[in-house]
Amino acid sequence: SEVMTDDINTAATGRIVQTLIIDPGTGRVLLGYHTDGIFAGNYTGLIGYANDGEEPEEAARRVAIELSGLTVGDLELRAIFNFIDSETGDEEEYEFLCKRFSGEVRESESMRPEWFAINEIPYDKMPADDEIWYPLFLEGKKLRGQFNLSPDMQEVLSHNLKEVDDL
């Protein structure tokens, strides 16, 4: 008998990439307000899925230009997280920092990018895990961790986060 893969199994191999772009001139960070999709009504960094066979850094570059119109320069991988969720299974998320970019910020079909001062990041309008790791990430720490979120991503049920020397 043939085994069918359902959506949950497909999502279980999901690799997510997120880039936080910081403007070195102003110190502000670029977040996007999601007008569509699972993050609708929330802000995140420039986030999306890697395609099959696509390296995380390649995916991060593609996602950044698709969502914001910006071409990113050097990307620094600063964190790798596992997200455990009863609905989507286990997903790995690669968090990149970017301080060099070119182009003009523009709105995309699913996201409206906006610049925020670090002390004005709207954590109350973001997935619940962001408030835990963004400050450490933005301080320059390298992180590994695991988050177990409620299905609506508004509550962290449990998490384990540690600073590492190398990813």
# chains A, B, ... in the order shown; residues from 1 in each chain; ligands from 1
$ select_by_dssp --residues "chain A" --states "alpha helix (DSSP H)" --output "PyMOL selection string"
chain A and resi 7-12+56-68+130-138
$ select_by_dssp --residues "region 51-138 of chain A" --states "strand (DSSP E or B)" --output "compact mmCIF listing (two decimals) with N, CA and C atoms, in the first residue's frame"
# COMPACT_ATOMS: atom_id res chain seq x y z
N THR A 71 17.51 44.58 -1.67
CA THR A 71 18.52 43.57 -1.94
C THR A 71 19.47 43.58 -0.76
N VAL A 72 19.63 42.43 -0.10
CA VAL A 72 20.47 42.39 1.09
C VAL A 72 21.90 42.05 0.73
N LEU A 75 24.90 38.73 5.05
CA LEU A 75 23.95 38.19 6.02
C LEU A 75 24.74 37.43 7.08
N GLU A 76 24.39 37.67 8.34
CA GLU A 76 25.04 36.96 9.43
C GLU A 76 24.00 36.06 10.09
N LEU A 77 24.26 34.76 10.07
CA LEU A 77 23.37 33.82 10.75
C LEU A 77 23.63 33.95 12.24
N ARG A 78 22.61 34.40 12.97
CA ARG A 78 22.79 34.64 14.41
C ARG A 78 21.99 33.69 15.29
N ALA A 79 21.03 32.98 14.72
CA ALA A 79 20.22 32.09 15.57
C ALA A 79 19.58 31.00 14.74
N ILE A 80 19.43 29.83 15.38
CA ILE A 80 18.66 28.74 14.79
C ILE A 80 17.70 28.24 15.87
N PHE A 81 16.41 28.23 15.53
CA PHE A 81 15.39 27.80 16.48
C PHE A 81 14.57 26.65 15.91
N ASN A 82 14.07 25.82 16.81
CA ASN A 82 13.09 24.82 16.45
C ASN A 82 11.75 25.26 17.02
N PHE A 83 10.74 25.21 16.19
CA PHE A 83 9.39 25.54 16.64
C PHE A 83 8.57 24.27 16.62
N ILE A 84 7.98 23.96 17.76
CA ILE A 84 7.19 22.74 17.89
C ILE A 84 5.75 23.18 18.05
N ASP A 85 4.91 22.63 17.23
CA ASP A 85 3.52 23.08 17.20
C ASP A 85 2.67 21.87 16.85
N GLY A 89 3.87 20.55 13.27
CA GLY A 89 5.00 19.69 13.53
C GLY A 89 6.21 20.50 13.96
N ASP A 90 7.37 20.09 13.48
CA ASP A 90 8.62 20.65 13.94
C ASP A 90 9.23 21.46 12.80
N GLU A 91 9.43 22.73 13.00
CA GLU A 91 10.00 23.57 11.95
C GLU A 91 11.29 24.21 12.45
N GLU A 92 12.25 24.32 11.56
CA GLU A 92 13.52 24.94 11.90
C GLU A 92 13.52 26.35 11.32
N GLU A 93 13.93 27.31 12.13
CA GLU A 93 13.94 28.70 11.66
C GLU A 93 15.35 29.27 11.79
N TYR A 94 15.83 29.84 10.70
CA TYR A 94 17.16 30.45 10.63
C TYR A 94 16.99 31.96 10.70
N GLU A 95 17.67 32.59 11.66
CA GLU A 95 17.53 34.03 11.87
C GLU A 95 18.81 34.74 11.42
N PHE A 96 18.64 35.63 10.45
CA PHE A 96 19.77 36.36 9.90
C PHE A 96 19.71 37.83 10.29
N LEU A 97 20.89 38.43 10.41
CA LEU A 97 21.01 39.87 10.61
C LEU A 97 21.67 40.46 9.37
N CYS A 98 21.16 41.60 8.94
CA CYS A 98 21.71 42.27 7.77
C CYS A 98 21.89 43.75 8.07
N PHE A 101 22.43 46.81 2.65
CA PHE A 101 21.33 46.54 1.73
C PHE A 101 21.26 47.67 0.72
N SER A 102 20.53 47.41 -0.35
CA SER A 102 20.33 48.46 -1.36
C SER A 102 18.91 48.37 -1.89
N MET A 111 2.87 42.09 2.75
CA MET A 111 3.58 42.77 3.83
C MET A 111 3.80 44.25 3.54
N ARG A 112 3.67 45.05 4.63
CA ARG A 112 3.96 46.48 4.56
C ARG A 112 5.16 46.76 5.47
N PRO A 113 6.36 46.93 4.90
CA PRO A 113 7.55 47.13 5.74
C PRO A 113 7.56 48.51 6.40
N GLU A 114 8.05 48.55 7.65
CA GLU A 114 8.18 49.81 8.39
C GLU A 114 9.45 49.77 9.22
N TRP A 115 10.11 50.93 9.35
CA TRP A 115 11.31 51.04 10.19
C TRP A 115 10.91 51.38 11.62
N PHE A 116 11.56 50.73 12.59
CA PHE A 116 11.30 50.99 14.01
C PHE A 116 12.61 51.21 14.75
$ closest_atom_pairs --of "region 80-156 of chain A" --to "region 42-59 of chain A" --cutoff "8 Å" --atoms "only C-alpha atoms" --output "CSV"
residue,atom,partner,partner_atom,distance
A:Tyr94,CA,A:Pro56,CA,6.8
A:Pro122,CA,A:Tyr43,CA,7.6
A:Lys125,CA,A:Asn42,CA,5.0
A:Met126,CA,A:Asn42,CA,5.0
A:Pro127,CA,A:Asn42,CA,7.1
$ write_last_selection --atoms "N, CA and C atoms" --output "mmCIF file, in the first residue's frame"
data_model
loop_
_atom_site.group_PDB
_atom_site.id
_atom_site.type_symbol
_atom_site.label_atom_id
_atom_site.label_comp_id
_atom_site.auth_asym_id
_atom_site.auth_seq_id
_atom_site.Cartn_x
_atom_site.Cartn_y
_atom_site.Cartn_z
ATOM 1 N N TYR A 94 15.826 29.843 10.695
ATOM 2 C CA TYR A 94 17.156 30.452 10.630
ATOM 3 C C TYR A 94 16.990 31.958 10.696
ATOM 4 N N PRO A 122 7.247 46.845 18.247
ATOM 5 C CA PRO A 122 5.872 46.601 18.751
ATOM 6 C C PRO A 122 5.626 45.137 19.144
ATOM 7 N N LYS A 125 2.330 43.345 19.078
ATOM 8 C CA LYS A 125 1.703 43.016 17.793
ATOM 9 C C LYS A 125 2.596 42.052 17.012
ATOM 10 N N MET A 126 3.281 41.148 17.746
ATOM 11 C CA MET A 126 4.200 40.204 17.113
ATOM 12 C C MET A 126 3.986 38.821 17.703
ATOM 13 N N PRO A 127 4.447 37.753 17.007
ATOM 14 C CA PRO A 127 4.383 36.427 17.612
ATOM 15 C C PRO A 127 5.086 36.441 18.966
#
$ closest_residue --among "A:Asn160, A:Ser68, A:Thr35, A:Gln154" --to "Trp133 (chain A)" --atoms "only C-alpha atoms"
A:Asn160
